[in-house]
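To keep things clear, I will list the structure first and then write my remarks on it.
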Amino acid sequence: MKQSSYFSLYEIALLSLFGALVFVVRMAIKIPLHIPGNSGVLWVLPVIIGTALVRKPGAGTYIGIVSGLLASFFGLEALHVFDIFKYTALGVTIDLVSMAFGYRLDHPAVGFVAGAAGNMVKMVVNYAVHLFLGVQGTFILIGIGVSSVTHLVFGGLGGILAALIVGRLYRAGVVHQGDVPDES
Amino acid sequence: MEFGRRVILAVGVLVVVIAVSFLIDTVVWEAYLQNSASSDPLLHTATVDYQDFRHGPQSWRPYATPLAIGPGNLPSGNWYLAFVELGAVPVGGNPALSRTGSVQVDYRFTDLAGTASFCVYGLRAGDGRAWTNRQSGYGTCGYYVSGTAAPGDPPRWASPLQEGDRYVVEIADPLRPVDDDLPRDTRTFWFERVGSGLDGLHITTDPADRRGRVAETDDLEGSFYVTYSGGNVVGSLFLMVAVDQPQPEGFELRLESRFVEDHR
């Protein structure tokens, strides 16, 4: 007897592509602002849009794991294999926020909360990994206040952008809320 | 719970997280200021003796392609190399948003024979990729000290490094085992490609001149700064001390290093 999987083949393909998009965006686009968390404006976009399209618990986590694996083994960031923790944490957070708001990710306020929360959790995991690796806590933790505000602002902006895109996709009829086609 | 209240609650949670972040920031900052006022808790000391020159004789120093050790572009001479961890790291980035600073290194030689060359190596936090100071072209920097002591016997324990892009170097450690059969502390420096890893770390005598320059002196006691102009996190910082003569038994290099904040 054929056992149906949690995600359909279509959803897995979609989520994997969004995971890859997070990685590509992260590697290809560098914003020379030197402000902590500025990249969050870009990399929460695919996670939120992917979660909004699939509308199943675990969709954000799946995107986070795929992008984290890519970043860990093919990325150019300083943390290398430890990158998987922050990408996954971002995905899990966006998943939880989406569930809490009934997947109304086309609403800018929900987009803001999802993006800001995801980016801030990513920051916390980043700090934790650096501390774990032995970087002196004094130098990391001084400035965490300003850093958390910038992570909130950039993540929130990315979330609002994602919500606007999702809303346009819904209204244009490209995808329907809760109507992602199955593989059958 | 209605939708609007949930949004307000979520924003409230985010605000609480930010408030906690500022609280942590303030507590750590005050603790740091207290410690700085009472003594110098970030001061790190190290001593190099004639037995700590574990690598050489060789004309070059580690990088993706061999770099000269003495002044000039081309590797020449027979140098013996020792590596010391400095215990502090320079911090680059946007000075408006983080505490940027350099590492001040105070040195004092006893019985130095020939010329000593100081170079720096930094390891990125999280991987083995390394930086070093530039030896040629724009941004060349280094620090050379000349001594007049009589040379000692060539160190029988030293052996040249193998050329490549990955180097395992022995670290001079004040707590090293007395027994030479026991393994010493080592670190791996990996240089990804030629041209990469040369423009992050610099040696300078003036921290305002962050790109550094080449300094030569006869003073056996002095200081210089290690600056960082990159945006990544330097996980650990090492000083390479190279000498072009075997050192006598009375040789000693005393190092004191500390983080000094930029005042810009």
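Ligands are numbered from 1 in the order shown, residues from 1 within each chain, and chains are lettered A, B, ... in the order they appear in the structure tokens.
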Could you list, as a compact mmCIF listing (two decimals) with N, CA and C atoms, in the first residue's frame, the residues of chain A having an atom within 7 Å of chain B when counting only C-alpha atoms?
```txt
# COMPACT_ATOMS: atom_id res chain seq x y z
N HIS A 34 27.20 47.41 6.23
CA HIS A 34 27.91 47.11 7.48
C HIS A 34 27.02 47.39 8.69
N ALA A 78 31.51 32.76 7.50
CA ALA A 78 32.56 32.40 8.46
C ALA A 78 32.24 31.14 9.26
N LEU A 79 30.99 30.88 9.53
CA LEU A 79 30.66 29.79 10.45
C LEU A 79 30.61 28.42 9.78
N HIS A 80 30.56 28.40 8.46
CA HIS A 80 30.52 27.16 7.70
C HIS A 80 29.50 26.17 8.22
N ALA A 109 1.25 43.12 8.66
CA ALA A 109 1.61 43.06 10.09
C ALA A 109 2.15 41.67 10.45
N VAL A 110 1.52 40.64 9.91
CA VAL A 110 2.00 39.27 10.18
C VAL A 110 3.36 39.07 9.50
N VAL A 113 5.96 40.68 11.69
CA VAL A 113 6.27 39.88 12.90
C VAL A 113 7.10 38.65 12.51
N ALA A 117 10.86 38.40 13.80
CA ALA A 117 11.14 37.31 14.75
C ALA A 117 12.18 36.35 14.17
N LEU A 133 32.08 28.83 19.99
CA LEU A 133 33.36 28.65 19.30
C LEU A 133 34.51 29.35 20.02
N VAL A 135 34.75 32.78 20.84
CA VAL A 135 34.97 34.22 20.66
C VAL A 135 34.62 34.90 21.98
N THR A 138 32.61 39.35 25.73
CA THR A 138 32.56 40.81 25.91
C THR A 138 32.43 41.52 24.58
N LEU A 141 28.83 40.62 22.97
CA LEU A 141 27.60 41.05 23.64
C LEU A 141 27.48 42.57 23.75
N ILE A 142 28.62 43.27 23.79
CA ILE A 142 28.51 44.73 23.80
C ILE A 142 28.04 45.15 22.41
N GLY A 143 26.92 45.79 22.36
CA GLY A 143 26.34 46.19 21.07
C GLY A 143 25.14 45.35 20.67
N ILE A 144 24.80 44.36 21.52
CA ILE A 144 23.68 43.47 21.16
C ILE A 144 22.36 44.24 21.15
N GLY A 145 22.27 45.32 21.93
CA GLY A 145 21.04 46.12 21.97
C GLY A 145 20.75 46.73 20.61
N SER A 148 20.04 44.09 17.96
CA SER A 148 18.69 43.49 17.96
C SER A 148 17.68 44.42 17.28
N VAL A 149 17.86 45.74 17.47
CA VAL A 149 16.95 46.69 16.81
C VAL A 149 17.12 46.63 15.29
```
Write down as a ChimeraX atom specification the residues of segment 4-183 of chain A whose backbone DSSP state falls under helix (DSSP H, G or I).
/A:9-28,40-54,59-74,80-100,108-132,137-141,144-172
Output C-alpha atoms for every residue in the selection just made, as a compact mmCIF listing (two decimals), in the first residue's frame.
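So the final result, stored in selection00.txt, reads:
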```txt
# COMPACT_ATOMS: atom_id res chain seq x y z
CA LEU A 9 6.18 16.06 -4.44
CA TYR A 10 5.10 19.47 -5.71
CA GLU A 11 5.50 20.98 -2.24
CA ILE A 12 8.90 19.38 -1.72
CA ALA A 13 10.09 20.74 -5.04
CA LEU A 14 8.72 24.19 -4.22
CA LEU A 15 10.25 24.28 -0.73
CA SER A 16 13.61 23.00 -2.00
CA LEU A 17 13.67 25.71 -4.65
CA PHE A 18 12.90 28.36 -2.05
CA GLY A 19 15.63 26.92 0.19
CA ALA A 20 18.07 27.15 -2.70
CA LEU A 21 16.88 30.69 -3.39
CA VAL A 22 17.71 31.73 0.18
CA PHE A 23 21.24 30.42 -0.32
CA VAL A 24 21.64 32.04 -3.75
CA VAL A 25 20.31 35.39 -2.51
CA ARG A 26 22.63 35.24 0.50
CA MET A 27 25.67 34.48 -1.63
CA ALA A 28 24.94 36.65 -4.66
CA GLY A 40 17.67 39.80 6.71
CA VAL A 41 15.68 42.06 4.41
CA LEU A 42 16.49 39.64 1.59
CA TRP A 43 16.68 36.20 3.07
CA VAL A 44 13.37 36.17 4.96
CA LEU A 45 11.58 36.74 1.62
CA PRO A 46 11.85 33.20 0.17
CA VAL A 47 11.18 31.59 3.57
CA ILE A 48 7.97 33.55 4.17
CA ILE A 49 6.73 33.23 0.59
CA GLY A 50 7.44 29.47 0.55
CA THR A 51 5.68 28.99 3.88
CA ALA A 52 2.71 31.06 2.69
CA LEU A 53 2.36 29.02 -0.50
CA VAL A 54 2.58 25.58 1.10
CA ALA A 59 7.36 24.27 5.57
CA GLY A 60 9.57 27.07 6.94
CA THR A 61 11.73 24.56 8.77
CA TYR A 62 12.20 22.59 5.56
CA ILE A 63 13.31 25.72 3.68
CA GLY A 64 15.64 26.60 6.59
CA ILE A 65 17.24 23.16 6.61
CA VAL A 66 17.76 23.11 2.82
CA SER A 67 19.33 26.58 2.79
CA GLY A 68 21.34 25.75 5.92
CA LEU A 69 22.75 22.60 4.37
CA LEU A 70 23.71 24.49 1.21
CA ALA A 71 25.30 27.30 3.22
CA SER A 72 27.13 24.85 5.47
CA PHE A 73 28.79 22.92 2.72
CA PHE A 74 29.00 25.35 -0.19
CA HIS A 80 30.52 27.16 7.70
CA VAL A 81 28.96 23.94 9.08
CA PHE A 82 27.48 25.84 12.01
CA ASP A 83 25.45 27.96 9.58
CA ILE A 84 22.82 25.24 9.50
CA PHE A 85 21.72 26.20 13.02
CA LYS A 86 20.91 29.80 12.22
CA TYR A 87 19.17 29.03 8.90
CA THR A 88 17.09 26.30 10.55
CA ALA A 89 16.25 28.53 13.52
CA LEU A 90 15.00 31.21 11.13
CA GLY A 91 12.78 28.68 9.35
CA VAL A 92 11.40 27.22 12.58
CA THR A 93 10.55 30.68 13.90
CA ILE A 94 8.72 31.69 10.73
CA ASP A 95 6.86 28.37 10.89
CA LEU A 96 5.73 29.04 14.47
CA VAL A 97 4.66 32.62 13.72
CA SER A 98 2.75 31.45 10.63
CA MET A 99 0.91 28.81 12.65
CA ALA A 100 0.10 31.31 15.38
CA PRO A 108 1.81 43.09 6.27
CA ALA A 109 1.61 43.06 10.09
CA VAL A 110 2.00 39.27 10.18
CA GLY A 111 4.78 39.52 7.60
CA PHE A 112 6.54 42.08 9.80
CA VAL A 113 6.27 39.88 12.90
CA ALA A 114 7.40 36.75 11.03
CA GLY A 115 10.36 38.48 9.36
CA ALA A 116 11.47 40.36 12.48
CA ALA A 117 11.14 37.31 14.75
CA GLY A 118 12.98 35.09 12.26
CA ASN A 119 15.83 37.55 11.83
CA MET A 120 16.17 38.12 15.57
CA VAL A 121 16.22 34.42 16.38
CA LYS A 122 18.87 34.01 13.69
CA MET A 123 20.89 36.72 15.47
CA VAL A 124 20.56 34.97 18.84
CA VAL A 125 21.69 31.64 17.34
CA ASN A 126 24.58 33.41 15.61
CA TYR A 127 25.74 34.88 18.95
CA ALA A 128 25.35 31.51 20.66
CA VAL A 129 27.48 29.76 18.02
CA HIS A 130 30.19 32.42 18.27
CA LEU A 131 30.27 32.07 22.06
CA PHE A 132 30.39 28.29 21.66
CA GLY A 137 31.75 37.21 24.99
CA THR A 138 32.56 40.81 25.91
CA PHE A 139 33.23 41.77 22.34
CA ILE A 140 30.13 40.06 21.02
CA LEU A 141 27.60 41.05 23.64
CA ILE A 144 23.68 43.47 21.16
CA GLY A 145 21.04 46.12 21.97
CA VAL A 146 21.55 48.10 18.76
CA SER A 147 22.06 44.89 16.85
CA SER A 148 18.69 43.49 17.96
CA VAL A 149 16.95 46.69 16.81
CA THR A 150 18.59 46.57 13.37
CA HIS A 151 17.73 42.87 13.04
CA LEU A 152 14.12 43.65 13.92
CA VAL A 153 13.93 46.53 11.42
CA PHE A 154 15.53 44.70 8.49
CA GLY A 155 13.75 41.40 9.16
CA GLY A 156 10.46 43.26 9.55
CA LEU A 157 10.98 45.15 6.30
CA GLY A 158 11.70 41.88 4.50
CA GLY A 159 8.59 40.37 6.07
CA ILE A 160 6.40 43.27 4.90
CA LEU A 161 7.81 42.94 1.37
CA ALA A 162 7.12 39.19 1.45
CA ALA A 163 3.55 39.79 2.65
CA LEU A 164 2.93 42.25 -0.17
CA ILE A 165 4.26 39.74 -2.72
CA VAL A 166 2.15 36.93 -1.25
CA GLY A 167 -0.93 39.18 -1.27
CA ARG A 168 -0.37 40.05 -4.93
CA LEU A 169 0.06 36.37 -5.82
CA TYR A 170 -3.21 35.55 -4.05
CA ARG A 171 -5.10 38.40 -5.67
CA ALA A 172 -3.69 37.70 -9.11
```
Write down as a ChimeraX atom specification the residues of segment 84-155 of chain B whose backbone DSSP state falls under strand (DSSP E or B).
/B:84-85,91,101-110,113-124,129-132,142-148
Output file for the residues above (C-alpha atoms, as a PDB file, in the first residue's frame):
```pdb
ATOM      1  CA  VAL B  84      52.838  32.856  19.519  1.00  0.00           C
ATOM      2  CA  GLU B  85      49.139  33.331  20.255  1.00  0.00           C
ATOM      3  CA  VAL B  91      37.874  44.109  15.699  1.00  0.00           C
ATOM      4  CA  GLY B 101      39.889  48.265  18.064  1.00  0.00           C
ATOM      5  CA  SER B 102      43.421  46.966  17.604  1.00  0.00           C
ATOM      6  CA  VAL B 103      45.814  44.766  19.511  1.00  0.00           C
ATOM      7  CA  GLN B 104      48.766  46.545  21.062  1.00  0.00           C
ATOM      8  CA  VAL B 105      51.886  44.392  21.303  1.00  0.00           C
ATOM      9  CA  ASP B 106      54.762  45.390  23.601  1.00  0.00           C
ATOM     10  CA  TYR B 107      57.964  43.455  23.042  1.00  0.00           C
ATOM     11  CA  ARG B 108      61.311  43.212  24.833  1.00  0.00           C
ATOM     12  CA  PHE B 109      64.236  41.227  23.428  1.00  0.00           C
ATOM     13  CA  THR B 110      67.147  39.914  25.437  1.00  0.00           C
ATOM     14  CA  ALA B 113      71.295  37.922  17.326  1.00  0.00           C
ATOM     15  CA  GLY B 114      70.733  39.270  13.818  1.00  0.00           C
ATOM     16  CA  THR B 115      67.350  40.513  12.621  1.00  0.00           C
ATOM     17  CA  ALA B 116      63.942  39.571  13.963  1.00  0.00           C
ATOM     18  CA  SER B 117      60.886  39.944  11.768  1.00  0.00           C
ATOM     19  CA  PHE B 118      57.349  40.223  13.176  1.00  0.00           C
ATOM     20  CA  CYS B 119      54.398  39.114  11.028  1.00  0.00           C
ATOM     21  CA  VAL B 120      50.800  38.443  12.029  1.00  0.00           C
ATOM     22  CA  TYR B 121      48.439  35.583  11.262  1.00  0.00           C
ATOM     23  CA  GLY B 122      44.745  35.550  12.065  1.00  0.00           C
ATOM     24  CA  LEU B 123      42.248  32.710  11.965  1.00  0.00           C
ATOM     25  CA  ARG B 124      38.638  33.325  11.052  1.00  0.00           C
ATOM     26  CA  ARG B 129      40.972  30.199   6.787  1.00  0.00           C
ATOM     27  CA  ALA B 130      43.743  32.572   7.688  1.00  0.00           C
ATOM     28  CA  TRP B 131      44.888  36.120   7.067  1.00  0.00           C
ATOM     29  CA  THR B 132      48.384  37.531   7.172  1.00  0.00           C
ATOM     30  CA  GLY B 142      55.977  44.628   8.810  1.00  0.00           C
ATOM     31  CA  TYR B 143      58.208  45.231  11.789  1.00  0.00           C
ATOM     32  CA  TYR B 144      61.925  44.419  11.970  1.00  0.00           C
ATOM     33  CA  VAL B 145      64.257  44.597  14.945  1.00  0.00           C
ATOM     34  CA  SER B 146      68.047  44.252  14.737  1.00  0.00           C
ATOM     35  CA  GLY B 147      70.211  42.913  17.573  1.00  0.00           C
ATOM     36  CA  THR B 148      73.940  42.590  18.153  1.00  0.00           C
TER      37      THR B 148
END
```
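The shell of residues at most 9 Å from Gly87 of chain B, with only C-alpha atoms counted and near chain neighbours (fewer than 2 positions) removed, consists of Leu42, Leu43, His44, Thr45, Glu85, Val89, Ser236, Leu237, Phe238, Ser257 and Arg258 of chain B.
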Shell of 12 Å around Pro154 of chain B, only C-alpha atoms, local chain residues under 6 positions omitted, as a PyMOL selection string:
chain B and resi 50-51+53-57+78-80+243-249
Just N, CA and C atoms for this one: save the residues we selected as a compact mmCIF listing (two decimals), in the first residue's frame.
```
# COMPACT_ATOMS: atom_id res chain seq x y z
N TYR B 50 64.88 30.45 22.90
CA TYR B 50 65.57 29.97 21.70
C TYR B 50 65.04 28.61 21.26
N GLN B 51 64.40 27.86 22.16
CA GLN B 51 63.88 26.54 21.78
C GLN B 51 62.53 26.62 21.08
N PHE B 53 61.84 28.27 18.40
CA PHE B 53 61.95 28.37 16.94
C PHE B 53 61.92 26.95 16.38
N ARG B 54 60.72 26.50 16.05
CA ARG B 54 60.50 25.10 15.69
C ARG B 54 60.53 24.87 14.19
N HIS B 55 60.46 25.94 13.42
CA HIS B 55 60.40 25.78 11.95
C HIS B 55 61.57 26.51 11.29
N GLY B 56 62.13 25.90 10.27
CA GLY B 56 63.23 26.50 9.55
C GLY B 56 64.43 25.57 9.53
N PRO B 57 65.52 25.97 8.89
CA PRO B 57 65.72 27.26 8.24
C PRO B 57 65.00 27.31 6.88
N ASN B 78 68.08 32.55 5.54
CA ASN B 78 67.70 31.35 6.30
C ASN B 78 67.10 31.79 7.63
N TRP B 79 65.82 31.68 7.72
CA TRP B 79 65.10 32.18 8.89
C TRP B 79 64.57 31.01 9.72
N TYR B 80 64.50 31.25 11.01
CA TYR B 80 63.86 30.31 11.94
C TYR B 80 62.59 30.96 12.47
N VAL B 243 63.72 34.82 12.95
CA VAL B 243 65.07 35.36 13.16
C VAL B 243 65.99 34.79 12.08
N ASP B 244 66.92 35.61 11.61
CA ASP B 244 67.78 35.15 10.51
C ASP B 244 69.09 34.55 11.00
N GLN B 245 69.23 34.40 12.33
CA GLN B 245 70.42 33.76 12.91
C GLN B 245 69.94 32.79 13.99
N PRO B 246 70.68 31.69 14.20
CA PRO B 246 70.36 30.85 15.37
C PRO B 246 70.56 31.68 16.64
N GLN B 247 69.64 31.58 17.56
CA GLN B 247 69.71 32.43 18.74
C GLN B 247 70.52 31.78 19.87
N PRO B 248 71.21 32.59 20.67
CA PRO B 248 71.97 32.03 21.80
C PRO B 248 71.02 31.57 22.91
N GLU B 249 71.57 30.81 23.86
CA GLU B 249 70.73 30.27 24.93
C GLU B 249 70.10 31.36 25.80
```
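Taking atom CA of Asp111 of chain B and atom CA of Leu255 of chain B as endpoints, the distance between them is 14.9 Å.
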Report as a list in words all protein, DNA and RNA residues lying within 10 Å of Gly72 of chain B, evaluated on only C-alpha atoms, omitting residues in the same chain fewer than 5 positions from it.
Leu67, Gln135, Ser136 and Thr140 of chain B
Using only C-alpha atoms, pick whichever of B:Asp153, B:Glu216, B:Glu252, B:Asp185 has the shortest atom-to-atom distance to Val168 of chain B.
B:Asp185
Atom CA of Pro160 of chain B and atom CA of Ala68 of chain B are how many Å apart?
14.5 Å
Shell around segment 199-207 of chain B at 7 Å using only C-alpha atoms, local window under 4 positions removed, as a PyMOL selection string
chain B and resi 131-134+141-142+211-213+224-230
Could those residues be written to a file, using C-alpha atoms, as a tab-separated table (two decimals), in the first residue's frame?
```tsv
chain	number	residue	atom	x	y	z
B	131	TRP	CA	44.89	36.12	7.07
B	132	THR	CA	48.38	37.53	7.17
B	133	ASN	CA	49.93	40.93	6.60
B	134	ARG	CA	50.81	41.96	3.06
B	141	CYS	CA	53.61	46.29	6.38
B	142	GLY	CA	55.98	44.63	8.81
B	211	ARG	CA	46.87	50.01	6.76
B	212	GLY	CA	50.26	50.00	8.42
B	213	ARG	CA	53.75	50.33	7.03
B	224	PHE	CA	53.39	48.13	17.60
B	225	TYR	CA	49.74	47.54	16.81
B	226	VAL	CA	47.89	44.86	14.88
B	227	THR	CA	44.87	46.35	13.09
B	228	TYR	CA	42.06	44.70	11.17
B	229	SER	CA	40.22	46.33	8.28
B	230	GLY	CA	37.89	43.47	7.34
```
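Atom pair atom CA of Asn38 of chain A / atom CA of Val16 of chain B has a distance of 21.1 Å (rounded to one decimal).
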